[in-house]
$ cat entry11.pdb   # PDB, C-alpha atoms and all ligand atoms
ATOM      1  CA  VAL E   1      18.458  36.412  15.696
ATOM      2  CA  LYS E   2      18.513  33.482  13.318
ATOM      3  CA  ARG E   3      15.565  33.202  10.964
ATOM      4  CA  LYS E   4      14.109  29.732  11.234
ATOM      5  CA  ILE E   5      11.044  28.661   9.258
ATOM      6  CA  VAL E   6       8.698  25.676   9.325
ATOM      7  CA  VAL E   7       7.263  25.272   5.816
ATOM      8  CA  LEU E   8       3.872  23.590   5.513
ATOM      9  CA  PHE E   9       4.880  21.175   2.809
ATOM     10  CA  SER E  10       2.343  19.045   0.960
ATOM     11  CA  GLY E  11       4.696  17.896  -1.773
ATOM     12  CA  GLY E  12       2.611  19.845  -4.274
ATOM     13  CA  LEU E  13       3.853  22.422  -6.732
ATOM     14  CA  ASP E  14       3.220  25.605  -4.733
ATOM     15  CA  SER E  15       4.753  24.429  -1.472
ATOM     16  CA  THR E  16       7.779  23.027  -3.333
ATOM     17  CA  VAL E  17       8.457  26.430  -4.907
ATOM     18  CA  LEU E  18       8.010  27.988  -1.462
ATOM     19  CA  LEU E  19      10.486  25.521   0.035
ATOM     20  CA  ALA E  20      13.060  26.351  -2.646
ATOM     21  CA  LYS E  21      12.536  30.076  -2.040
ATOM     22  CA  CYS E  22      12.840  29.739   1.751
ATOM     23  CA  LEU E  23      16.104  27.827   1.380
ATOM     24  CA  MET E  24      17.539  30.990  -0.178
ATOM     25  CA  TYR E  25      16.360  33.430   2.481
ATOM     26  CA  TYR E  26      16.274  31.601   5.829
ATOM     27  CA  ASP E  27      19.052  30.379   8.137
ATOM     28  CA  GLU E  28      17.182  27.178   8.918
ATOM     29  CA  VAL E  29      14.337  25.469   7.052
ATOM     30  CA  VAL E  30      12.350  22.388   7.998
ATOM     31  CA  ALA E  31       9.303  20.973   6.226
ATOM     32  CA  LEU E  32       6.103  19.775   7.884
ATOM     33  CA  ASN E  33       3.845  17.396   5.963
ATOM     34  CA  PHE E  34       0.297  16.570   7.085
ATOM     35  CA  ASP E  35      -1.809  13.549   6.276
ATOM     36  CA  TYR E  36      -5.330  14.724   7.161
ATOM     37  CA  GLY E  37      -7.014  11.732   5.565
ATOM     38  CA  SER E  38      -7.365  12.929   1.979
ATOM     39  CA  LYS E  39      -7.398  10.587  -1.001
ATOM     40  CA  HIS E  40      -4.162  12.087  -2.264
ATOM     41  CA  ASN E  41      -2.203  12.430   1.008
ATOM     42  CA  LYS E  42      -0.297   9.175   0.432
ATOM     43  CA  ARG E  43       0.909  10.407  -2.960
ATOM     44  CA  GLU E  44       1.673  13.830  -1.520
ATOM     45  CA  ARG E  45       3.707  12.372   1.321
ATOM     46  CA  ALA E  46       5.787  10.247  -1.054
ATOM     47  CA  ALA E  47       6.385  13.367  -3.171
ATOM     48  CA  ALA E  48       7.264  15.406  -0.073
ATOM     49  CA  ARG E  49       9.825  12.811   1.012
ATOM     50  CA  ALA E  50      11.466  12.670  -2.412
ATOM     51  CA  ILE E  51      11.656  16.459  -2.710
ATOM     52  CA  ALA E  52      12.915  16.929   0.853
ATOM     53  CA  THR E  53      15.616  14.340   0.194
ATOM     54  CA  LYS E  54      16.641  16.175  -2.962
ATOM     55  CA  TYR E  55      16.919  19.462  -1.060
ATOM     56  CA  ASN E  56      18.471  17.793   1.994
ATOM     57  CA  VAL E  57      15.719  19.244   4.199
ATOM     58  CA  LYS E  58      14.285  17.493   7.231
ATOM     59  CA  CYS E  59      10.630  16.675   6.507
ATOM     60  CA  PHE E  60       8.510  16.025   9.591
ATOM     61  CA  GLU E  61       5.380  13.961   8.977
ATOM     62  CA  TYR E  62       2.221  14.260  11.033
ATOM     63  CA  THR E  63      -0.854  12.110  10.572
ATOM     64  CA  LEU E  64      -4.260  13.184  11.846
ATOM     65  CA  PRO E  65      -6.867  10.558  12.742
ATOM     66  CA  SER E  66      -9.839  10.496  10.325
ATOM     67  CA  TYR E  67     -12.459   9.400  12.833
ATOM     68  CA  CYS E  68     -13.844  10.453  16.167
ATOM     69  CA  GLN E  69     -16.109   8.263  18.265
ATOM     70  CA  TYR E  70     -18.874   8.293  20.818
ATOM     71  CA  GLN E  71     -20.348   5.691  23.095
ATOM     72  CA  GLN E  72     -23.887   4.674  22.247
ATOM     73  CA  LEU E  73     -24.642   1.660  24.392
ATOM     74  CA  PRO E  74     -22.349   0.471  27.176
ATOM     75  CA  ASP E  75     -20.470  -1.710  24.699
ATOM     76  CA  GLU E  76     -21.007   0.101  21.448
ATOM     77  CA  LEU E  77     -18.600   2.697  20.143
ATOM     78  CA  VAL E  78     -19.815   4.576  17.077
ATOM     79  CA  MET E  79     -17.113   5.881  14.748
ATOM     80  CA  GLN E  80     -17.758   9.054  12.807
ATOM     81  CA  PRO E  81     -15.600  10.883  10.221
ATOM     82  CA  PHE E  82     -14.193  13.926  12.021
ATOM     83  CA  LEU E  83     -14.277  16.221   8.964
ATOM     84  CA  ALA E  84     -16.886  16.113   6.198
ATOM     85  CA  SER E  85     -15.399  16.461   2.716
ATOM     86  CA  ASN E  86     -15.315  14.577  -0.557
ATOM     87  CA  LEU E  87     -11.585  15.224  -0.679
ATOM     88  CA  LEU E  88     -11.196  12.736   2.157
ATOM     89  CA  ILE E  89     -11.132   8.939   2.081
ATOM     90  CA  THR E  90     -14.224   9.067   4.316
ATOM     91  CA  GLY E  91     -16.115  11.146   1.701
ATOM     92  CA  GLU E  92     -17.715  10.510  -1.653
ATOM     93  CA  GLU E  93     -16.267  10.897  -5.143
ATOM     94  CA  ILE E  94     -14.138  13.863  -6.112
ATOM     95  CA  PRO E  95     -15.905  16.116  -8.618
ATOM     96  CA  GLU E  96     -14.254  16.902 -11.961
ATOM     97  CA  GLY E  97     -13.944  20.330 -13.544
ATOM     98  CA  HIS E  98     -12.700  23.833 -12.803
ATOM     99  CA  TYR E  99     -12.262  25.433  -9.374
ATOM    100  CA  GLU E 100     -14.806  28.107 -10.286
ATOM    101  CA  ASP E 101     -17.589  25.471 -10.455
ATOM    102  CA  LYS E 102     -20.029  25.432  -7.561
ATOM    103  CA  LYS E 103     -19.622  21.667  -7.195
ATOM    104  CA  MET E 104     -15.988  22.143  -6.117
ATOM    105  CA  GLU E 105     -17.274  23.145  -2.711
ATOM    106  CA  ALA E 106     -17.454  19.403  -2.079
ATOM    107  CA  THR E 107     -13.634  19.490  -1.903
ATOM    108  CA  ILE E 108     -13.550  21.957   0.990
ATOM    109  CA  VAL E 109     -12.025  20.373   4.085
ATOM    110  CA  PRO E 110     -13.556  22.307   6.992
ATOM    111  CA  PHE E 111     -11.017  24.787   8.428
ATOM    112  CA  ARG E 112      -8.105  22.758   7.030
ATOM    113  CA  ASN E 113      -5.598  25.592   6.985
ATOM    114  CA  GLY E 114      -6.745  26.733  10.424
ATOM    115  CA  ILE E 115      -6.187  23.233  11.802
ATOM    116  CA  MET E 116      -2.798  22.717  10.114
ATOM    117  CA  LEU E 117      -1.571  26.210  10.966
ATOM    118  CA  SER E 118      -2.547  25.845  14.622
ATOM    119  CA  LEU E 119      -0.614  22.588  14.873
ATOM    120  CA  ALA E 120       2.327  24.066  12.964
ATOM    121  CA  ILE E 121       2.456  27.100  15.251
ATOM    122  CA  GLY E 122       2.685  24.851  18.323
ATOM    123  CA  PHE E 123       5.335  22.773  16.552
ATOM    124  CA  ALA E 124       7.372  25.851  15.587
ATOM    125  CA  GLU E 125       7.256  27.182  19.124
ATOM    126  CA  SER E 126       8.388  23.772  20.397
ATOM    127  CA  LEU E 127      11.333  23.748  17.968
ATOM    128  CA  LYS E 128      12.138  27.363  18.889
ATOM    129  CA  PHE E 129      11.494  28.451  15.316
ATOM    130  CA  ASN E 130      10.080  31.910  14.601
ATOM    131  CA  VAL E 131       8.113  31.672  11.336
ATOM    132  CA  ILE E 132       5.634  29.392   9.529
ATOM    133  CA  GLY E 133       5.546  29.424   5.724
ATOM    134  CA  LEU E 134       2.464  28.477   3.737
ATOM    135  CA  ALA E 135       1.992  28.459  -0.035
ATOM    136  CA  ALA E 136      -1.660  29.530  -0.410
ATOM    137  CA  GLN E 137      -2.149  31.459  -3.665
ATOM    138  CA  ALA E 138      -4.761  33.646  -5.360
ATOM    139  CA  GLY E 139      -6.373  30.741  -7.253
ATOM    140  CA  ASP E 140      -7.350  29.163  -3.925
ATOM    141  CA  TYR E 141      -9.682  32.021  -2.913
ATOM    142  CA  ALA E 142     -12.594  31.054  -5.137
ATOM    143  CA  VAL E 143     -13.505  27.918  -3.217
ATOM    144  CA  TYR E 144     -11.579  27.857   0.049
ATOM    145  CA  PRO E 145     -12.420  30.447   2.728
ATOM    146  CA  ASP E 146      -9.341  29.537   4.790
ATOM    147  CA  CYS E 147      -7.065  30.557   1.897
ATOM    148  CA  ARG E 148      -8.122  34.207   1.790
ATOM    149  CA  PRO E 149      -6.123  37.226   3.009
ATOM    150  CA  LYS E 150      -8.508  38.065   5.872
ATOM    151  CA  PHE E 151      -8.170  34.566   7.262
ATOM    152  CA  PHE E 152      -4.362  34.768   7.263
ATOM    153  CA  GLN E 153      -4.446  38.213   8.896
ATOM    154  CA  ALA E 154      -6.554  36.765  11.682
ATOM    155  CA  MET E 155      -4.350  33.683  12.115
ATOM    156  CA  ARG E 156      -1.229  35.841  12.131
ATOM    157  CA  GLU E 157      -2.705  37.947  14.909
ATOM    158  CA  ALA E 158      -3.719  34.813  16.859
ATOM    159  CA  SER E 159      -0.209  33.389  16.522
ATOM    160  CA  LEU E 160       1.473  36.633  17.589
ATOM    161  CA  GLN E 161      -0.763  36.850  20.654
ATOM    162  CA  GLY E 162      -0.761  33.157  21.506
ATOM    163  CA  THR E 163       2.926  32.245  21.405
ATOM    164  CA  LYS E 164       5.845  33.209  23.647
ATOM    165  CA  TRP E 165       7.860  35.102  21.049
ATOM    166  CA  GLY E 166       5.180  35.712  18.454
ATOM    167  CA  VAL E 167       5.560  33.039  15.778
ATOM    168  CA  GLY E 168       5.034  34.765  12.424
ATOM    169  CA  ILE E 169       3.054  33.491   9.454
ATOM    170  CA  CYS E 170       4.485  34.096   5.997
ATOM    171  CA  VAL E 171       2.233  33.583   2.948
ATOM    172  CA  PRO E 172       4.340  35.059   0.147
ATOM    173  CA  PHE E 173       2.296  33.762  -2.823
ATOM    174  CA  LEU E 174      -1.044  35.010  -1.511
ATOM    175  CA  LYS E 175      -1.456  37.511  -4.355
ATOM    176  CA  ASP E 176       0.148  35.393  -7.062
ATOM    177  CA  VAL E 177      -1.714  33.311  -9.604
ATOM    178  CA  LYS E 178      -0.419  29.789 -10.154
ATOM    179  CA  LYS E 179       1.174  30.721 -13.466
ATOM    180  CA  ASN E 180       3.568  33.055 -11.620
ATOM    181  CA  ILE E 181       4.466  30.314  -9.163
ATOM    182  CA  VAL E 182       5.300  27.981 -12.061
ATOM    183  CA  ILE E 183       7.538  30.675 -13.567
ATOM    184  CA  ARG E 184       9.235  31.303 -10.201
ATOM    185  CA  GLY E 185       9.699  27.555  -9.736
ATOM    186  CA  SER E 186      11.245  27.245 -13.154
ATOM    187  CA  GLU E 187      13.713  30.046 -12.320
ATOM    188  CA  LEU E 188      14.611  28.216  -9.106
ATOM    189  CA  LYS E 189      14.982  24.927 -11.041
ATOM    190  CA  VAL E 190      12.376  23.213  -8.863
ATOM    191  CA  PRO E 191      12.002  19.474  -9.579
ATOM    192  CA  PHE E 192       8.435  19.752 -10.910
ATOM    193  CA  GLU E 193       8.569  16.091 -11.936
ATOM    194  CA  LEU E 194       8.615  15.060  -8.268
ATOM    195  CA  THR E 195       5.591  17.142  -7.219
ATOM    196  CA  TRP E 196       2.088  15.734  -6.741
ATOM    197  CA  THR E 197      -1.068  17.768  -7.416
ATOM    198  CA  CYS E 198      -3.996  15.442  -8.306
ATOM    199  CA  TYR E 199      -6.819  15.170  -5.765
ATOM    200  CA  LYS E 200      -7.630  11.609  -6.787
ATOM    201  CA  GLY E 201      -4.292  10.178  -5.698
ATOM    202  CA  GLY E 202      -4.110   7.527  -8.410
ATOM    203  CA  LYS E 203      -1.014   6.174 -10.181
ATOM    204  CA  LYS E 204      -0.838   9.140 -12.553
ATOM    205  CA  HIS E 205      -2.366  12.616 -12.396
ATOM    206  CA  CYS E 206      -5.986  12.313 -13.603
ATOM    207  CA  GLY E 207      -5.980  15.542 -15.616
ATOM    208  CA  LYS E 208      -9.674  16.137 -14.814
ATOM    209  CA  CYS E 209     -10.018  17.161 -11.171
ATOM    210  CA  SER E 210      -9.883  20.866 -10.333
ATOM    211  CA  ALA E 211      -6.330  20.622  -8.991
ATOM    212  CA  CYS E 212      -5.110  18.982 -12.229
ATOM    213  CA  VAL E 213      -7.092  21.420 -14.403
ATOM    214  CA  GLU E 214      -5.530  24.391 -12.593
ATOM    215  CA  ARG E 215      -2.027  22.922 -12.833
ATOM    216  CA  ILE E 216      -2.316  22.156 -16.558
ATOM    217  CA  GLU E 217      -3.659  25.672 -17.194
ATOM    218  CA  ALA E 218      -0.842  27.300 -15.180
ATOM    219  CA  PHE E 219       1.932  25.505 -17.105
ATOM    220  CA  LYS E 220       0.207  26.358 -20.386
ATOM    221  CA  LEU E 221      -0.049  30.047 -19.459
ATOM    222  CA  ALA E 222       3.570  30.079 -18.300
ATOM    223  CA  ASN E 223       4.576  28.384 -21.544
ATOM    224  CA  ILE E 224       6.589  25.800 -19.623
ATOM    225  CA  GLU E 225       6.366  22.061 -20.060
ATOM    226  CA  ASP E 226       4.814  20.086 -17.219
ATOM    227  CA  PRO E 227       6.942  16.963 -16.702
ATOM    228  CA  VAL E 228       4.331  14.906 -14.816
ATOM    229  CA  GLU E 229       2.282  12.270 -16.643
ATOM    230  CA  TYR E 230      -1.485  12.555 -17.013
ATOM    231  CA  GLU E 231      -4.093   9.826 -17.600
ATOM    232  CA  THR E 232      -5.676  12.024 -20.271
ATOM    233  CA  ALA E 233      -2.669  12.421 -22.550
TER     234      ALA E 233
HETATM  235 ZN    ZN V   1      -6.480  15.078 -10.885
END
$ encode --input "entry11.pdb" --output "structure tokens" --more "lines below"
Ligand SMILES: [Zn+2]
Amino acid sequence: VKRKIVVLFSGGLDSTVLLAKCLMYYDEVVALNFDYGSKHNKRERAAARAIATKYNVKCFEYTLPSYCQYQQLPDELVMQPFLASNLLITGEEIPEGHYEDKKMEATIVPFRNGIMLSLAIGFAESLKFNVIGLAAQAGDYAVYPDCRPKFFQAMREASLQGTKWGVGICVPFLKDVKKNIVIRGSELKVPFELTWTCYKGGKKHCGKCSACVERIEAFKLANIEDPVEYETA
């Protein structure tokens, strides 16, 4: 049986290292990029395209609507953001600081990995692929409940039970800290300069949001130079 994997690919650092790793071990690899309405999805998608082109990997792009609606009066449709989060364009400002801060909970997107994984599982089954790859890592646990081992165990079980041939879920970095992923990426000669991490989605990486803070810290700990430009040089 050929091993065929759909990699959930944001265009960020972790999923780029995962993509590079999967290209070594799988017979077929495709990438799947989601725009779920975050402030940085446009930047991520551009990064994902550039990286996929470099690796000659097909990158499928899927865009989720940001709003749902209900009818109030016969002629009045009320639009409401579907998911409540300050990470999203429908939310308020992105907090600055470290992931460990309580205020980072404002960046939780409700059940994001559950939603993306569910869609990816259906997509993989449709393509007749047998595995999904996702780059969640140990640094994600602090804030995001749908990045923790128990959640992935449960999703893996749901996927095995709910698909024809039991689509698997592979989360190889789950116990790694970001520093180790940077080191692995460096060994694999990953084009770090093409990756996008910043939550704010501006022209350059802001250097202040929790995603930037974690990235800067990881490169520093790994003693490797980060080639992306930051606002706070
Ligand atoms: Zn940032």
$ closest_atom_pairs --input "entry11.pdb" --of "chain E" --to "ligand ZN 1 (chain V)" --cutoff "8 Å" --atoms "all atoms listed in the file" --output "tab-separated table"
residue	atom	partner	partner_atom	distance
E:Thr197	CA	V:ZN1	ZN	7.0
E:Cys198	CA	V:ZN1	ZN	3.6
E:Tyr199	CA	V:ZN1	ZN	5.1
E:Lys200	CA	V:ZN1	ZN	5.5
E:Gly201	CA	V:ZN1	ZN	7.5
E:His205	CA	V:ZN1	ZN	5.0
E:Cys206	CA	V:ZN1	ZN	3.9
E:Gly207	CA	V:ZN1	ZN	4.8
E:Lys208	CA	V:ZN1	ZN	5.2
E:Cys209	CA	V:ZN1	ZN	4.1
E:Ser210	CA	V:ZN1	ZN	6.7
E:Ala211	CA	V:ZN1	ZN	5.9
E:Cys212	CA	V:ZN1	ZN	4.4
E:Val213	CA	V:ZN1	ZN	7.3
$ resolve_selection --input "entry11.pdb" --expression "the PyMOL selection byres (((chain E and resi 84-96) around 6) and not hetatm)" --output "list of chain:residue names"
E:Gly37, E:Ser38, E:Lys39, E:Leu83, E:Gly97, E:Ala106, E:Thr107, E:Val109, E:Lys208, E:Cys209
$ write_last_selection --input "entry11.pdb" --atoms "C-alpha atoms" --output "mmCIF file, in the frame of the given file"
data_model
loop_
_atom_site.group_PDB
_atom_site.id
_atom_site.type_symbol
_atom_site.label_atom_id
_atom_site.label_comp_id
_atom_site.auth_asym_id
_atom_site.auth_seq_id
_atom_site.Cartn_x
_atom_site.Cartn_y
_atom_site.Cartn_z
ATOM 1 C CA GLY E 37 -7.014 11.732 5.565
ATOM 2 C CA SER E 38 -7.365 12.929 1.979
ATOM 3 C CA LYS E 39 -7.398 10.587 -1.001
ATOM 4 C CA LEU E 83 -14.277 16.221 8.964
ATOM 5 C CA GLY E 97 -13.944 20.330 -13.544
ATOM 6 C CA ALA E 106 -17.454 19.403 -2.079
ATOM 7 C CA THR E 107 -13.634 19.490 -1.903
ATOM 8 C CA VAL E 109 -12.025 20.373 4.085
ATOM 9 C CA LYS E 208 -9.674 16.137 -14.814
ATOM 10 C CA CYS E 209 -10.018 17.161 -11.171
#
$ resolve_selection --input "entry11.pdb" --expression "the PyMOL selection byres (((chain E and resi 68) around 7) and not hetatm)" --output "number ranges by chain"
E: 67, 69, 79-82
$ atom_distance --input "entry11.pdb" --atom1 "atom CA of Tyr62 of chain E" --atom2 "atom CA of Arg184 of chain E"
28.1 Å
$ atom_distance --input "entry11.pdb" --atom1 "atom CA of Lys4 of chain E" --atom2 "atom CA of Gly122 of chain E"
14.3 Å
$ resolve_selection --input "entry11.pdb" --expression "the PyMOL selection byres (((chain E and resi 45) around 12) and not hetatm)" --output "PyMOL selection string"
chain E and resi 8-12+31-44+46-52+59-63+194-197+201
$ closest_residue --input "entry11.pdb" --among "E:Phe111, E:Val78, E:Asn130, E:Glu193" --to "Tyr26 of chain E" --atoms "only C-alpha atoms"
E:Asn130
$ closest_residue --input "entry11.pdb" --among "E:Pro74, E:Gly202, E:Gly133, E:Gly168" --to "Leu23 of chain E" --atoms "only C-alpha atoms"
E:Gly133
